[in-house]
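Written out below as C-alpha cells is the structure these notes cover.
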Amino acid sequence: MKPIRKAVFPVAGLGTRFLPATKAIPKEMLPVVDKPLIQYAVDEAREAGIEQMIFVTGRGKSAIEDHFDIAYELEATMSARGKDMSALEGTQLGPGNCAYVRQQEPLGLGHAIWCARDIVGDEPFAIFLPDEFMHGRPGCMKQMVDAYRGIGGNMISVLEVPKEKVSSYGVIAPGRTHGSLTEVTGLVEKPRVEDAPSNLIVSGRYILQPEVMRVLETQEAGAGGEIQLTDAMARMIGNQPFHAHVFDGERFDCGSKTGYLKANLALALERPDMKDTVRAFAADLLN
Ligand code: G1P
C-alpha cells in the first residue's frame with residue numbers, strides 16, 4: 001500500500017461569510033489565538049507523515065505563500081535584536097515540501113481538487129478543508145492514516161450533526177460499522193433534510209485514491225451549480241473500498257463566526273500562558 005505523502009489544501013474560496021475581515025486577507029489566514037487556520041491544517045498534515053503540501057489558491061491569496069516562505073527582514077531584524085524566534089517554528093515550507101496551483105474560476109470544490117491533478121500524480125492523497133478545525137491528540141489526519149494502513153481505499157472523516165443542519169454539508173449513507181470505521185454506501189451533497197440518508201456529515205478531511213481525478217474530469221455541476229467532490233466520490237463507491245472515520249477529538253466549524261469564536265475561546269482556555277486570565281475575564285463578562 002502506498003503511503004500518503006501529499007495533501008491538497010483548497011484555499012481559493014472568497015471567504016464572503018467573514019467580510020469585512022476577509023476583504024484583503026484570505027480567510028485561511030484568520031488566527032485561532034495566534035496561529036492562522038491554515039497553519040493548524042499544515043501541522044496536522046505533517047503530524048500524519050505527509051511531506052508535500054499542495055495549495056490550490058486564487059487571486060488575493062498570496063499571504064498564504066508568504067506565510068510559508070522565509071521572511072528575511074523579519075528574521076534578520078529579530079535575530080539582530082536577540083528576540084525569541086520560537087513563534088516562527090514550523091512556518092517555513094521548503095521548495096520540496098510545497099506547491100501552489102491556481103484555481104482560476106470558482107467552479108466548486110471538486111474542480112479545485114482537480115486543479116492539483118498533475119502535482120498529485122498517481123498516488124493516494126489527503127485533502128484538508130482548513131476552515132474545518134479539527135482539534136485532538138493525535139490529530140484527525142493521523143488517526144485516519146493509522147486506520148487507512150489497515151484497510152486502504154478511500155476514507156473520509158465524518159461527524160454527527162443535528163438532522164436540521166445536514167443541508168449545509170455532504171452526507172453519507174452508512175453501512176456496517178467496525179470500531180471507528182463505517183462503510184460508506186452512498187454520498188449526497190447538501191440534501192434537503194427529508195432526503196438526507198443520515199445525520200453523518202463529511203467534515204473536511206479525506207484520503208482518496210488518484211482515480212478520483214479521472215472521475216472529476218467528467219463530473220457535471222451538482223448542488224449550487226458547482227462541481228462537487230462529493231458527487232465524484234459517490235461515483236467511486238462500489239469500485240473501491242470506501243469508509244468513514246469518526247474523529248476522536250473536537251471539531252470547530254471555523255467557516256461560521258460562532259464556530260470560529262468558540263475555537264478561539266477553547267484554545268485560549270488550554271494555553272498555559274493565558275488560560276487563567278481568559279477564564280477570569282470570560283466569567284466576568286458573563287456576569
Ligand atoms: C464542503 C463539502 C461538504 C462538506 C463541507 C465540510 O462544503 O462540499 O461535503 O461537508 O465542505 O465543511 P462547503 O462548506 O464548501 O459548502
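By order of appearance in the C-alpha cells: chains A, B, ..., then residues from 1 within every chain, and ligands from 1 in the order shown.
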
- request: Please identify the residues whose atoms come within 9 Å of ligand 1, using only C-alpha atoms and all ligand atoms, and report them as a ChimeraX atom specification.
  value: /A:13,108-110,129-132,158,166,168-171,187-190,201-205,223-224,228-230,253-255

So that each row is one residue of region 145-186 of chain A with an atom at most 7 Å from region 192-197 of chain A, can you give its shortest atom pair and the distance in Å to one decimal, using only C-alpha atoms, rows by chain and rising number, as a Markdown table?
| residue | atom | partner | partner_atom | distance |
| --- | --- | --- | --- | --- |
| A:Lys163 | CA | A:Val193 | CA | 6.7 |
| A:Glu164 | CA | A:Val193 | CA | 6.1 |
| A:Val166 | CA | A:Val193 | CA | 6.3 |
| A:Ser167 | CA | A:Arg192 | CA | 5.5 |
| A:Val171 | CA | A:Ala196 | CA | 6.8 |
| A:Ile172 | CA | A:Pro197 | CA | 6.5 |
| A:Ala173 | CA | A:Pro197 | CA | 5.0 |

Using C-alpha atoms, can you write the selected residues to a file as a PDB file, in the first residue's frame?
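Okay, part_9.pdb is ready:
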ATOM      1  CA  LYS A 163     -30.616  16.487  11.490  1.00  0.00           C
ATOM      2  CA  GLU A 164     -31.846  20.009  10.675  1.00  0.00           C
ATOM      3  CA  VAL A 166     -27.423  18.423   7.242  1.00  0.00           C
ATOM      4  CA  SER A 167     -28.328  20.601   4.259  1.00  0.00           C
ATOM      5  CA  VAL A 171     -23.977  13.466   3.971  1.00  0.00           C
ATOM      6  CA  ILE A 172     -23.183   9.741   3.959  1.00  0.00           C
ATOM      7  CA  ALA A 173     -25.418   6.695   3.782  1.00  0.00           C
TER       8      ALA A 173
END

task: Would you mind listing what lies within 10 Å of Phe18 (chain A) as a VMD selection string, with only C-alpha atoms counted and same-chain residues fewer than 6 positions away left out?
output: chain A and resid 26 to 27 30 254 to 257

- prompt: With only C-alpha atoms as the atoms that count, which of A:Ile70, A:Gly90, A:Met134, A:Lys275 lies nearest to Leu37 (chain A)?
  reply: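 Checking each candidate against Leu37 (chain A), we get A:Met134 as the closest.
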
query: DSSP says alpha helix (DSSP H) for which residues of region 2-231 of chain A? Put them as a PyMOL selection string?
result: chain A and resi 37-47+62-67+72-80+109-114+117-120+140-151+211-217+229-231

Who sits within 12 Å of region 62-69 of chain A, only C-alpha atoms, same chain under 3 positions skipped, as a PyMOL selection string: chain A and resi 9-12+22+24-30+35-39+42-43+53-59+72-75+88-95+97-102

task: Write out as an MDAnalysis selection string which residues come within 9 Å of Gly249 (chain A) when counting only C-alpha atoms, dropping same-chain ones fewer than 6 positions away.
output: chainID A and resid 134:140

May I have the residues from that selection written out with C-alpha atoms, as a PDB file, in the first residue's frame?
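Dumped everything to selection.pdb:
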ATOM      1  CA  MET A 134     -10.054  19.527  13.988  1.00  0.00           C
ATOM      2  CA  HIS A 135      -8.565  19.626  17.432  1.00  0.00           C
ATOM      3  CA  GLY A 136      -7.317  16.458  19.104  1.00  0.00           C
ATOM      4  CA  ARG A 137      -4.351  14.297  20.019  1.00  0.00           C
ATOM      5  CA  PRO A 138      -3.375  12.703  17.793  1.00  0.00           C
ATOM      6  CA  GLY A 139      -4.810  14.932  15.083  1.00  0.00           C
ATOM      7  CA  CYS A 140      -7.645  13.884  12.812  1.00  0.00           C
TER       8      CYS A 140
END

message: My list of candidates is A:Pro210, A:Pro3, A:Gly60, A:Gly238. Which is closest to Lys23 (chain A) when distances are computed with only C-alpha atoms?
response: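 Among the listed residues, the smallest separation from Lys23 (chain A) belongs to A:Gly60.
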
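Note that the spacing between CA of Thr177 (chain A) and CA of Asn154 (chain A) amounts to 15.4 Å.
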
Given only C-alpha atoms as the counted atoms, nearest of A:Glu226, A:Met236, A:Phe128, A:Leu14 to Arg214 (chain A):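 So, comparing all the options, the nearest one is A:Met236.
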